[in-house]
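Text of the file structure.txt, holding compact mmCIF, C-alpha atoms:
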```txt
# COMPACT_ATOMS: atom_id res chain seq x y z
CA MET A 21 -17.44 -32.59 -24.03
CA ASP A 22 -19.34 -31.04 -21.12
CA THR A 23 -20.50 -27.76 -22.73
CA ASP A 24 -21.72 -26.22 -19.49
CA ARG A 25 -18.32 -26.81 -17.89
CA LEU A 26 -16.42 -25.38 -20.87
CA ASN A 27 -18.72 -22.35 -20.98
CA LYS A 28 -17.92 -21.56 -17.34
CA GLN A 29 -14.19 -21.77 -18.07
CA LEU A 30 -14.63 -19.54 -21.12
CA ALA A 31 -16.62 -17.01 -19.07
CA PHE A 32 -13.73 -16.83 -16.60
CA ILE A 33 -10.96 -16.51 -19.21
CA THR A 34 -12.97 -13.77 -20.95
CA GLU A 35 -13.72 -11.89 -17.72
CA VAL A 36 -10.07 -11.76 -16.65
CA ASP A 37 -9.20 -9.90 -19.86
CA LYS A 38 -10.27 -6.85 -17.83
CA ALA A 39 -7.06 -7.11 -15.77
CA LYS A 40 -5.35 -5.57 -18.82
CA HIS A 41 -7.22 -2.36 -18.03
CA ILE A 42 -6.44 -2.16 -14.30
CA LEU A 43 -3.66 0.38 -13.91
CA ARG A 44 -1.15 0.13 -11.09
CA ASN A 45 0.79 2.91 -9.47
CA THR A 46 3.98 1.41 -10.91
CA ILE A 47 5.25 2.79 -14.20
CA LEU A 48 7.14 0.91 -16.89
CA MET A 49 10.95 0.81 -16.82
CA ASP A 50 11.14 3.43 -19.60
CA ALA A 51 8.75 5.70 -17.62
CA SER A 52 6.38 5.87 -20.60
CA ARG A 53 3.13 4.88 -18.88
CA GLN A 54 1.56 3.02 -15.96
CA GLU A 55 1.79 -0.75 -15.81
CA ASN A 56 -1.41 -2.80 -15.78
CA ASP A 57 -2.19 -5.86 -13.68
CA ALA A 58 -1.84 -8.39 -16.52
CA GLU A 59 1.63 -7.10 -17.36
CA HIS A 60 2.62 -7.14 -13.69
CA MET A 61 1.39 -10.71 -13.14
CA TRP A 62 3.42 -11.86 -16.16
CA HIS A 63 6.56 -10.00 -15.10
CA MET A 64 6.30 -11.23 -11.53
CA ALA A 65 5.80 -14.84 -12.67
CA LEU A 66 8.91 -14.57 -14.84
CA GLY A 67 10.79 -13.04 -11.91
CA ILE A 68 9.88 -16.07 -9.83
CA LEU A 69 11.53 -18.32 -12.41
CA VAL A 70 14.63 -16.16 -12.69
CA PHE A 71 15.18 -15.50 -8.96
CA ALA A 72 13.94 -18.84 -7.53
CA GLU A 73 17.40 -19.69 -6.21
CA TYR A 74 17.18 -16.81 -3.70
CA ALA A 75 14.17 -18.19 -1.82
CA ASN A 76 14.83 -18.78 1.89
CA LYS A 77 13.38 -22.27 1.75
CA LYS A 78 14.53 -24.92 -0.64
CA GLU A 79 12.26 -27.52 -2.26
CA LEU A 80 9.59 -25.01 -3.07
CA ASP A 81 6.57 -26.00 -5.14
CA LEU A 82 7.42 -23.71 -8.06
CA LEU A 83 4.24 -24.60 -9.95
CA LYS A 84 2.14 -23.41 -7.01
CA ILE A 85 4.10 -20.15 -6.78
CA LEU A 86 3.57 -19.50 -10.49
CA LYS A 87 -0.15 -20.18 -10.12
CA MET A 88 -0.30 -17.63 -7.29
CA ALA A 89 1.57 -15.05 -9.36
CA LEU A 90 -0.75 -15.58 -12.35
CA ILE A 91 -3.92 -14.98 -10.33
CA HIS A 92 -2.94 -12.77 -7.39
CA ASP A 93 -4.21 -9.43 -8.74
CA ILE A 94 -7.30 -10.64 -10.62
CA VAL A 95 -9.46 -9.44 -7.70
CA GLU A 96 -8.47 -5.88 -8.63
CA ILE A 97 -10.85 -6.11 -11.61
CA ASP A 98 -13.55 -5.42 -9.01
CA ALA A 99 -11.58 -3.99 -6.10
CA GLY A 100 -9.16 -1.73 -8.00
CA ASP A 101 -5.46 -1.24 -7.31
CA THR A 102 -4.61 -0.11 -3.78
CA TYR A 103 -1.46 2.01 -3.66
CA ALA A 104 0.91 0.59 -1.07
CA TYR A 105 1.82 4.04 0.27
CA GLY A 106 -1.61 5.58 -0.04
CA LYS A 107 -4.32 5.99 2.59
CA PHE A 108 -6.73 3.10 2.79
CA ASP A 109 -8.67 1.05 5.30
CA SER A 110 -7.08 -2.39 5.06
CA GLU A 111 -10.21 -4.11 6.37
CA VAL A 112 -12.38 -2.50 3.73
CA VAL A 113 -9.90 -3.44 1.01
CA ALA A 114 -9.64 -7.03 2.27
CA ASP A 115 -13.42 -7.36 2.37
CA CYS A 116 -13.78 -5.95 -1.12
CA GLU A 117 -11.09 -8.28 -2.47
CA GLN A 118 -12.68 -11.32 -0.82
CA LYS A 119 -15.97 -10.50 -2.54
CA ALA A 120 -14.14 -10.04 -5.83
CA ALA A 121 -12.41 -13.41 -5.44
CA ARG A 122 -15.74 -15.14 -4.85
CA ARG A 123 -17.35 -13.46 -7.86
CA ILE A 124 -14.54 -13.82 -10.39
CA PHE A 125 -13.11 -17.25 -9.47
CA GLY A 126 -16.72 -18.28 -8.89
CA LEU A 127 -17.27 -18.08 -12.65
CA LEU A 128 -15.24 -21.29 -12.94
CA PRO A 129 -16.76 -24.80 -12.60
CA GLU A 130 -17.47 -25.73 -9.00
CA ASP A 131 -14.44 -28.01 -8.68
CA GLN A 132 -12.02 -25.41 -10.11
CA ALA A 133 -13.26 -22.29 -8.30
CA PRO A 134 -12.25 -23.45 -4.78
CA GLU A 135 -8.73 -24.31 -5.96
CA PHE A 136 -8.23 -20.79 -7.34
CA ILE A 137 -9.79 -19.15 -4.28
CA ALA A 138 -7.60 -21.23 -1.98
CA LEU A 139 -4.47 -20.28 -3.93
CA TRP A 140 -5.40 -16.61 -3.76
CA ASN A 141 -6.08 -16.83 0.00
CA GLU A 142 -2.80 -18.65 0.55
CA PHE A 143 -0.98 -15.84 -1.25
CA GLU A 144 -2.79 -13.16 0.75
CA GLN A 145 -2.08 -14.82 4.08
CA ALA A 146 1.62 -15.26 3.26
CA GLU A 147 2.12 -18.06 5.76
CA THR A 148 3.41 -20.88 3.56
CA LYS A 149 6.92 -20.83 2.09
CA GLU A 150 5.46 -20.61 -1.42
CA ALA A 151 3.23 -17.64 -0.60
CA ARG A 152 6.10 -15.88 1.17
CA PHE A 153 8.37 -16.16 -1.84
CA ALA A 154 5.55 -14.99 -4.14
CA LYS A 155 4.97 -12.00 -1.84
CA ALA A 156 8.69 -11.19 -1.88
CA LEU A 157 8.63 -11.00 -5.69
CA ASP A 158 5.39 -9.00 -5.69
CA THR A 159 7.21 -6.44 -3.52
CA PHE A 160 10.56 -6.64 -5.32
CA MET A 161 9.26 -5.90 -8.83
CA PRO A 162 7.84 -2.41 -8.15
CA VAL A 163 11.04 -1.46 -6.29
CA LEU A 164 12.99 -2.27 -9.47
CA HIS A 165 10.53 -0.22 -11.52
CA ASN A 166 10.82 2.71 -9.13
CA TYR A 167 14.61 2.58 -9.15
CA HIS A 168 14.81 2.40 -12.96
CA THR A 169 12.47 5.35 -13.36
CA ARG A 170 14.57 7.41 -10.91
CA GLY A 171 11.92 7.26 -8.23
CA LYS A 172 9.25 8.99 -10.30
CA GLN A 173 6.32 7.46 -8.38
CA TRP A 174 8.08 7.68 -5.00
CA GLN A 175 8.51 11.41 -5.54
CA LYS A 176 5.03 11.97 -6.93
CA ASN A 177 3.57 10.30 -3.83
CA ASN A 178 6.01 11.82 -1.32
CA VAL A 179 7.26 8.42 -0.19
CA THR A 180 10.24 8.31 2.18
CA SER A 181 12.87 5.57 2.46
CA ASP A 182 11.78 4.48 5.95
CA ARG A 183 8.33 3.58 4.60
CA VAL A 184 9.74 1.63 1.65
CA LEU A 185 12.17 -0.16 3.98
CA ALA A 186 9.41 -1.05 6.45
CA ARG A 187 7.18 -2.42 3.70
CA CYS A 188 9.94 -4.40 1.99
CA SER A 189 11.21 -5.80 5.28
CA ALA A 190 7.73 -7.02 6.23
CA ARG A 191 7.00 -8.53 2.82
CA MET A 192 10.38 -9.74 1.57
CA ALA A 193 12.56 -11.00 4.44
CA GLN A 194 10.45 -14.08 5.17
CA GLY A 195 10.46 -15.08 1.51
CA SER A 196 13.96 -14.11 0.44
CA GLU A 197 16.60 -12.76 2.79
CA LYS A 198 18.96 -12.41 -0.17
CA LEU A 199 16.68 -10.26 -2.32
CA TRP A 200 15.78 -8.25 0.79
CA GLU A 201 19.50 -7.58 1.38
CA TYR A 202 19.85 -6.46 -2.20
CA VAL A 203 16.83 -4.16 -1.90
CA GLN A 204 18.41 -2.45 1.11
CA GLU A 205 21.50 -1.66 -0.97
CA LEU A 206 19.33 -0.47 -3.85
CA LEU A 207 17.29 1.81 -1.58
CA ASP A 208 20.48 3.25 -0.03
CA ASP A 209 21.67 4.02 -3.53
CA ALA A 210 18.27 5.50 -4.46
CA VAL A 211 18.54 7.89 -1.50
CA LYS A 212 22.11 8.85 -2.49
CA LYS A 213 21.01 9.57 -6.05
CA GLY A 214 18.05 11.62 -4.91
CA TYR A 215 15.41 9.20 -6.27
CA LEU A 216 13.98 8.59 -2.81
CA LYS A 217 13.65 10.93 0.17
CA PRO A 218 15.64 9.90 3.28
CA MET B 16 25.75 -13.26 -2.78
CA ASP B 17 27.34 -13.46 -6.25
CA THR B 18 26.82 -9.86 -7.45
CA ASP B 19 27.85 -10.56 -11.03
CA ARG B 20 25.27 -13.34 -11.24
CA LEU B 21 22.50 -11.24 -9.72
CA ASN B 22 23.34 -8.34 -12.04
CA LYS B 23 22.89 -10.59 -15.08
CA GLN B 24 19.51 -11.74 -13.81
CA LEU B 25 18.50 -8.12 -13.16
CA ALA B 26 19.62 -7.11 -16.65
CA PHE B 27 17.34 -9.79 -18.10
CA ILE B 28 14.30 -8.97 -15.96
CA THR B 29 14.73 -5.27 -16.85
CA GLU B 30 15.18 -5.95 -20.58
CA VAL B 31 12.01 -8.05 -20.85
CA ASP B 32 9.96 -5.10 -19.61
CA LYS B 33 10.04 -4.10 -23.30
CA ALA B 34 7.59 -6.93 -24.09
CA LYS B 35 4.94 -4.61 -22.62
CA HIS B 36 5.46 -2.37 -25.66
CA ILE B 37 5.30 -5.05 -28.37
CA LEU B 38 1.83 -4.83 -29.88
CA ARG B 39 0.15 -7.87 -31.36
CA ASN B 40 -2.47 -7.98 -34.08
CA THR B 41 -4.97 -9.24 -31.49
CA ILE B 42 -7.21 -6.68 -29.82
CA LEU B 43 -8.62 -6.81 -26.31
CA MET B 44 -11.98 -8.45 -25.66
CA ASP B 45 -13.67 -5.03 -25.36
CA ALA B 46 -12.09 -3.99 -28.70
CA SER B 47 -10.52 -0.93 -27.05
CA ARG B 48 -6.92 -1.41 -28.17
CA GLN B 49 -4.26 -3.90 -29.32
CA GLU B 50 -2.95 -6.44 -26.86
CA ASN B 51 0.76 -6.48 -26.04
CA ASP B 52 3.04 -9.49 -25.66
CA ALA B 53 3.28 -9.32 -21.85
CA GLU B 54 -0.51 -9.33 -21.53
CA HIS B 55 -0.79 -12.21 -24.01
CA MET B 56 1.84 -14.32 -22.21
CA TRP B 57 -0.03 -13.85 -18.93
CA HIS B 58 -3.44 -14.63 -20.41
CA MET B 59 -2.13 -17.69 -22.24
CA ALA B 60 -0.42 -19.00 -19.08
CA LEU B 61 -3.68 -18.62 -17.17
CA GLY B 62 -5.52 -20.38 -20.03
CA ILE B 63 -3.14 -23.30 -19.64
CA LEU B 64 -4.15 -23.64 -15.99
CA VAL B 65 -7.87 -23.35 -16.72
CA PHE B 66 -8.00 -25.64 -19.77
CA ALA B 67 -5.31 -28.20 -18.80
CA GLU B 68 -7.88 -31.01 -18.61
CA TYR B 69 -8.43 -30.79 -22.39
CA ALA B 70 -4.85 -31.71 -23.33
CA ASN B 71 -4.60 -34.82 -25.52
CA LYS B 72 -1.93 -36.34 -23.32
CA LYS B 73 -2.29 -36.84 -19.63
CA GLU B 74 0.52 -36.49 -17.11
CA LEU B 75 1.80 -33.29 -18.62
CA ASP B 76 4.59 -31.34 -16.96
CA LEU B 77 2.43 -28.30 -16.23
CA LEU B 78 5.34 -26.32 -14.79
CA LYS B 79 7.24 -26.70 -18.05
CA ILE B 80 4.21 -25.58 -20.09
CA LEU B 81 3.81 -22.49 -17.92
CA LYS B 82 7.51 -21.68 -18.34
CA MET B 83 7.09 -21.90 -22.12
CA ALA B 84 4.03 -19.65 -22.02
CA LEU B 85 5.82 -17.07 -19.90
CA ILE B 86 8.79 -16.75 -22.27
CA HIS B 87 7.51 -17.72 -25.73
CA ASP B 88 7.10 -14.22 -27.19
CA ILE B 89 10.05 -12.50 -25.51
CA VAL B 90 12.00 -12.82 -28.78
CA GLU B 91 9.54 -10.35 -30.33
CA ILE B 92 11.28 -7.56 -28.40
CA ASP B 93 13.89 -7.77 -31.19
CA ALA B 94 12.00 -9.60 -33.94
CA GLY B 95 8.60 -7.88 -33.67
CA ASP B 96 5.20 -9.53 -33.90
CA THR B 97 4.55 -11.53 -37.07
CA TYR B 98 0.87 -11.55 -38.03
CA ALA B 99 -0.27 -15.13 -38.59
CA TYR B 100 -2.26 -14.22 -41.70
CA GLY B 101 0.17 -11.66 -43.06
CA LYS B 102 2.87 -12.07 -45.70
CA PHE B 103 6.26 -13.06 -44.33
CA ASP B 104 9.24 -15.24 -45.10
CA SER B 105 9.13 -17.87 -42.38
CA GLU B 106 12.87 -18.58 -42.69
CA VAL B 107 13.75 -14.92 -42.21
CA VAL B 108 11.43 -14.69 -39.19
CA ALA B 109 12.85 -17.89 -37.67
CA ASP B 110 16.41 -16.66 -38.14
CA CYS B 111 15.58 -13.29 -36.60
CA GLU B 112 13.86 -14.93 -33.62
CA GLN B 113 16.80 -17.30 -33.05
CA LYS B 114 19.15 -14.32 -32.89
CA ALA B 115 16.77 -12.57 -30.51
CA ALA B 116 16.62 -15.64 -28.26
CA ARG B 117 20.41 -15.77 -28.08
CA ARG B 118 20.69 -12.07 -27.29
CA ILE B 119 17.88 -11.74 -24.75
CA PHE B 120 18.12 -15.07 -22.89
CA GLY B 121 21.90 -14.65 -23.23
CA LEU B 122 21.68 -11.81 -20.72
CA LEU B 123 21.10 -14.44 -18.01
CA PRO B 124 23.93 -16.25 -16.17
CA GLU B 125 25.54 -18.96 -18.28
CA ASP B 126 23.77 -21.82 -16.50
CA GLN B 127 20.32 -20.21 -16.81
CA ALA B 128 20.47 -18.96 -20.40
CA PRO B 129 20.61 -22.44 -22.01
CA GLU B 130 17.57 -23.61 -20.01
CA PHE B 131 15.49 -20.68 -21.27
CA ILE B 132 16.74 -21.06 -24.85
CA ALA B 133 15.98 -24.80 -24.76
CA LEU B 134 12.45 -24.14 -23.48
CA TRP B 135 11.86 -21.58 -26.19
CA ASN B 136 13.16 -23.95 -28.89
CA GLU B 137 11.03 -26.78 -27.55
CA PHE B 138 7.97 -24.55 -27.81
CA GLU B 139 8.85 -23.48 -31.35
CA GLN B 140 9.42 -27.05 -32.54
CA ALA B 141 6.12 -28.25 -31.05
CA GLU B 142 7.20 -31.88 -30.90
CA THR B 143 6.80 -32.68 -27.21
CA LYS B 144 3.38 -33.07 -25.60
CA GLU B 145 4.04 -30.01 -23.44
CA ALA B 146 4.99 -27.80 -26.39
CA ARG B 147 1.99 -29.02 -28.38
CA PHE B 148 -0.43 -28.09 -25.62
CA ALA B 149 1.27 -24.70 -25.20
CA LYS B 150 0.97 -24.13 -28.97
CA ALA B 151 -2.72 -25.08 -28.86
CA LEU B 152 -3.36 -22.38 -26.26
CA ASP B 153 -1.23 -19.83 -28.10
CA THR B 154 -3.55 -20.40 -31.09
CA PHE B 155 -6.78 -20.67 -29.11
CA MET B 156 -6.47 -17.35 -27.26
CA PRO B 157 -6.48 -15.03 -30.32
CA VAL B 158 -9.45 -16.95 -31.78
CA LEU B 159 -11.39 -16.11 -28.61
CA HIS B 160 -10.33 -12.47 -28.90
CA ASN B 161 -11.39 -12.35 -32.54
CA TYR B 162 -14.75 -13.93 -31.81
CA HIS B 163 -15.47 -11.59 -28.89
CA THR B 164 -14.61 -8.52 -30.95
CA ARG B 165 -16.93 -9.71 -33.75
CA GLY B 166 -14.04 -10.53 -36.04
CA LYS B 167 -12.66 -7.00 -36.13
CA GLN B 168 -9.09 -8.06 -36.97
CA TRP B 169 -10.21 -10.88 -39.29
CA GLN B 170 -12.18 -8.36 -41.32
CA LYS B 171 -9.49 -5.70 -41.26
CA ASN B 172 -7.00 -8.23 -42.63
CA ASN B 173 -9.39 -9.91 -45.07
CA VAL B 174 -8.98 -13.30 -43.41
CA THR B 175 -11.25 -16.16 -44.55
CA SER B 176 -12.47 -19.11 -42.50
CA ASP B 177 -10.47 -21.70 -44.50
CA ARG B 178 -7.23 -19.97 -43.49
CA VAL B 179 -8.20 -19.80 -39.81
CA LEU B 180 -9.30 -23.45 -39.89
CA ALA B 181 -6.05 -24.56 -41.55
CA ARG B 182 -3.95 -22.69 -39.02
CA CYS B 183 -5.93 -23.89 -36.00
CA SER B 184 -5.96 -27.47 -37.22
CA ALA B 185 -2.19 -27.48 -37.68
CA ARG B 186 -1.49 -25.87 -34.33
CA MET B 187 -4.26 -27.15 -32.07
CA ALA B 188 -5.25 -30.71 -32.93
CA GLN B 189 -1.99 -32.30 -31.76
CA GLY B 190 -2.21 -30.48 -28.43
CA SER B 191 -5.91 -30.56 -27.71
CA GLU B 192 -8.46 -32.34 -29.91
CA LYS B 193 -11.20 -31.09 -27.60
CA LEU B 194 -10.36 -27.41 -27.84
CA TRP B 195 -9.84 -27.85 -31.60
CA GLU B 196 -13.36 -29.30 -31.87
CA TYR B 197 -14.73 -26.35 -29.95
CA VAL B 198 -12.86 -23.91 -32.20
CA GLN B 199 -14.48 -25.47 -35.27
CA GLU B 200 -17.92 -24.82 -33.76
CA LEU B 201 -16.91 -21.28 -32.83
CA LEU B 202 -15.63 -20.54 -36.33
CA ASP B 203 -18.83 -21.94 -37.88
CA ASP B 204 -20.77 -19.60 -35.66
CA ALA B 205 -18.45 -16.69 -36.54
CA VAL B 206 -19.16 -17.27 -40.23
CA LYS B 207 -22.93 -17.45 -39.59
CA LYS B 208 -22.82 -14.19 -37.64
CA GLY B 209 -20.77 -12.47 -40.33
CA TYR B 210 -17.65 -12.01 -38.16
CA LEU B 211 -15.54 -14.13 -40.52
CA LYS B 212 -15.70 -14.53 -44.30
CA PRO B 213 -16.56 -18.03 -45.53
```

Turn this file's structure into structure tokens for me.
Amino acid sequence: MDTDRLNKQLAFITEVDKAKHILRNTILMDASRQENDAEHMWHMALGILVFAEYANKKELDLLKILKMALIHDIVEIDAGDTYAYGKFDSEVVADCEQKAARRIFGLLPEDQAPEFIALWNEFEQAETKEARFAKALDTFMPVLHNYHTRGKQWQKNNVTSDRVLARCSARMAQGSEKLWEYVQELLDDAVKKGYLKP
Amino acid sequence: MDTDRLNKQLAFITEVDKAKHILRNTILMDASRQENDAEHMWHMALGILVFAEYANKKELDLLKILKMALIHDIVEIDAGDTYAYGKFDSEVVADCEQKAARRIFGLLPEDQAPEFIALWNEFEQAETKEARFAKALDTFMPVLHNYHTRGKQWQKNNVTSDRVLARCSARMAQGSEKLWEYVQELLDDAVKKGYLKP
């Protein structure tokens, strides 16, 4: 066995344990605490399996979508979580995340690192059908969490329905028209119930 | 869109959020706290991607292995985590987990539930090459955690190296001889460093 190669893989798998400490703005369905990135990547990957039939495009490479889901937030170990409805400079965030991708995936052997970096870039760019469906799920999951916790984080952050609609439209419609339709109904209901400001 | 179908899928994806509350005996690499099932399923799935080359059998169905990793501990929402080196009646645990699988995967539409239950059973039985590699990773990950935390949980639970070796041999060798070889070296080193009792 190539010990140097294995050691690089072990360094990576150990480093990514830190994703379990990166807290997101999303809170768990029972409103008990914030979700972390590891939990989110698992839940999103499972969501991809469960909701695959609602993707706009058929004959998706499901394995590739799962890979994207499993790695997409690892960069936040260095770059931190950026709240979707917060104030941030998207260029600064993108630059910081690119550096993080090079450092963290760069721990892997030199033939594996580029594959992981390419998958992460493909997800970020959201131009392929696989990346678009992954992005749709990445957007869908926190909406479910917000709805189930009666809009706790929406209210805390003064988020209005037009902003949630704009974000979901931009990130969901190209991946899954059907889940996007459902989200519109859910957000209407959230406004009616007072979870989300009109 | 079939609303009844979508509602069943949503009920499942909401229910499994509870896996984020199921604590395992494993502790995080920085020894700060116990790991939960959602975090473990994510980390194990990522380990499968990183270490796939060490599987005994080539031409594995990687998608199937990832699916197994993503669902294998969901039953613990009802059945709880069983500590590998604790005292338990394996028949009682198996029965409890079977019931949990029927209840939780049974929330899904009737064409999806059997697929998830079959995947979970295949993992449990560890007879196919995919299940054996998944099992190898499920065993490998907590060994890494134990080593990195200087055997904290091994010591707390009075675990000796012969028990860890017996368990790893039974659950790793059929899936990955190479990772099993590495684990033997790691355990030797853990004994030398005083992390694990001889």

**Message:** When you look at stretch 61-72 of chain A with a cut-off of 8 Å (counting all atoms listed in the file), what residues show up, excluding the ones that are within fewer than 3 positions of it in the same chain? I need them as JSON, numbers by chain.
**Reply:** {"A": [57, 58, 75, 85, 86, 89, 90, 91, 92, 93, 154, 157, 158, 161], "B": [24, 28, 32, 53, 54, 56, 57, 82, 85, 86]}

Dump as a tab-separated table (two decimals), keeping the file's coordinate frame, selection limited to C-alpha atoms:
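Contents of result-v2.tsv, freshly written:
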```tsv
chain	number	residue	atom	x	y	z
A	57	ASP	CA	-2.19	-5.86	-13.68
A	58	ALA	CA	-1.84	-8.39	-16.52
A	75	ALA	CA	14.17	-18.19	-1.82
A	85	ILE	CA	4.10	-20.15	-6.78
A	86	LEU	CA	3.57	-19.50	-10.49
A	89	ALA	CA	1.57	-15.05	-9.36
A	90	LEU	CA	-0.75	-15.58	-12.35
A	91	ILE	CA	-3.92	-14.98	-10.33
A	92	HIS	CA	-2.94	-12.77	-7.39
A	93	ASP	CA	-4.21	-9.43	-8.74
A	154	ALA	CA	5.55	-14.99	-4.14
A	157	LEU	CA	8.63	-11.00	-5.69
A	158	ASP	CA	5.39	-9.00	-5.69
A	161	MET	CA	9.26	-5.90	-8.83
B	24	GLN	CA	19.51	-11.74	-13.81
B	28	ILE	CA	14.30	-8.97	-15.96
B	32	ASP	CA	9.96	-5.10	-19.61
B	53	ALA	CA	3.28	-9.32	-21.85
B	54	GLU	CA	-0.51	-9.33	-21.53
B	56	MET	CA	1.84	-14.32	-22.21
B	57	TRP	CA	-0.03	-13.85	-18.93
B	82	LYS	CA	7.51	-21.68	-18.34
B	85	LEU	CA	5.82	-17.07	-19.90
B	86	ILE	CA	8.79	-16.75	-22.27
```

**Item:** Test item: residues at most 6 Å from stretch 179-195 of chain B, all atoms listed in the file, excluding those fewer than 3 positions along its chain, as a list in words
**Value:**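 Near neighbours after the sequence-gap exclusion: Tyr69, Ala70, Asn71, Arg147, Phe148, Ala151, Ser176 and Val198 of chain B.
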
**Prompt:** Given the choices B:Tyr98, B:Phe131, B:Phe103, B:Trp169, which gets closest to chain A if the distance is worked out from all atoms listed in the file?
**Reply:**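 For chain A, the nearest of the candidates is B:Phe131.
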
**Prompt:** Near A:Ala99, within 9 Å and counting only C-alpha atoms, which residues show up once chain neighbours fewer than 3 positions away are dropped, as a VMD selection string?
**Reply:** chain A and resid 95 to 96 102 113 116 to 117 119 to 120

**Request:** Fewer than 3 positions away in the same chain doesn't count, so skip those; otherwise give me all residues within 8 Å of B:His163, counting only C-alpha atoms, as a ChimeraX atom specification.
**Result:** /B:44-45,159-160,166

**Asked** Separation of atom CA of A:Pro218 and atom CA of A:Gln173, in Å?
**Response** 15.1 Å

**Pairwise distance for atom CA of A:Leu48 and atom CA of A:Tyr215, rounded to one decimal in Å** = 15.8 Å

**Message:** Ranking A:Leu128, A:Leu207, A:Leu43, A:Ala121 by minimum distance to chain B and counting all atoms listed in the file, which one comes first?
**Reply:**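 So, comparing all the options, the nearest one is A:Leu128.
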
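Between chain A and the residues B:Glu139, B:Glu50, B:Asp19, B:Asp203, the shortest atom-to-atom distance, using only C-alpha atoms, involves B:Glu50.
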
**Message:** Would you pick out the contacts of stretch 125-127 of chain A at 7 Å or less, using all atoms listed in the file, so that residues sharing its chain but fewer than 4 positions from it are not included, and give the list as a ChimeraX atom specification?
**Reply:** /A:28,31-32,121,133,136-137

**Item:** Separation of atom CA of B:His55 from atom CA of B:Ile42 in Å
**Value:**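 These atoms are spaced 10.3 Å apart.
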
**Asked** Using only C-alpha atoms, which residue out of A:Leu30, A:Thr23, A:Ala114, A:Lys84 lies closest to A:Glu142?
**Response**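 Nearest to A:Glu142: A:Lys84.
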
**Request:** Rank nothing, just name the residue among A:Thr148, A:Thr159, A:Thr169, A:Ser110 nearest to chain B, using only C-alpha atoms.
**Result:**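 Once distances to chain B are computed over only C-alpha atoms, the minimum belongs to A:Thr169.
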
**Message:** Ranking A:Asp98, A:Leu206, A:Gln175, A:Arg123 by minimum distance to A:Phe160 and counting all atoms listed in the file, which one comes first?
**Reply:**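 Nearest candidate to A:Phe160 out of A:Asp98, A:Leu206, A:Gln175, A:Arg123: A:Leu206.
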
Test item: axis-aligned box, all listed atoms of stretch 149-160 of chain A, 3 Å on each side, centre and edges in Å rounded to one decimal, as lines of an AutoDock Vina configuration file:
```
center_x = 6.9
center_y = -13.6
center_z = -1.8
size_x = 13.3
size_y = 20.4
size_z = 13.8
```

Coordinate excerpt as a short mmCIF file (atom, residue, chain, number, x, y, z; two decimals), in the first residue's frame: stretch 49-77 of chain A, C-alpha atoms:
```cif
data_model
loop_
_atom_site.label_atom_id
_atom_site.label_comp_id
_atom_site.auth_asym_id
_atom_site.auth_seq_id
_atom_site.Cartn_x
_atom_site.Cartn_y
_atom_site.Cartn_z
CA MET A 49 -37.03 20.93 12.80
CA ASP A 50 -37.76 20.83 16.56
CA ALA A 51 -36.25 24.34 16.94
CA SER A 52 -33.82 23.04 19.59
CA ARG A 53 -30.55 24.33 18.13
CA GLN A 54 -28.72 25.40 14.96
CA GLU A 55 -27.89 22.83 12.33
CA ASN A 56 -24.25 22.23 11.41
CA ASP A 57 -22.79 21.72 7.94
CA ALA A 58 -22.22 17.96 8.30
CA GLU A 59 -25.86 17.42 9.28
CA HIS A 60 -27.04 19.62 6.41
CA MET A 61 -24.90 17.81 3.81
CA TRP A 62 -26.31 14.47 4.98
CA HIS A 63 -29.92 15.69 5.00
CA MET A 64 -29.56 17.31 1.59
CA ALA A 65 -28.00 14.16 0.11
CA LEU A 66 -30.90 12.10 1.44
CA GLY A 67 -33.33 14.67 0.04
CA ILE A 68 -31.75 14.20 -3.38
CA LEU A 69 -32.52 10.47 -3.20
CA VAL A 70 -36.08 11.02 -2.01
CA PHE A 71 -37.04 13.85 -4.39
CA ALA A 72 -35.01 12.81 -7.48
CA GLU A 73 -38.18 12.24 -9.51
CA TYR A 74 -38.95 15.99 -9.41
CA ALA A 75 -35.80 17.05 -11.28
CA ASN A 76 -36.52 18.97 -14.49
CA LYS A 77 -34.15 16.82 -16.50
#
```
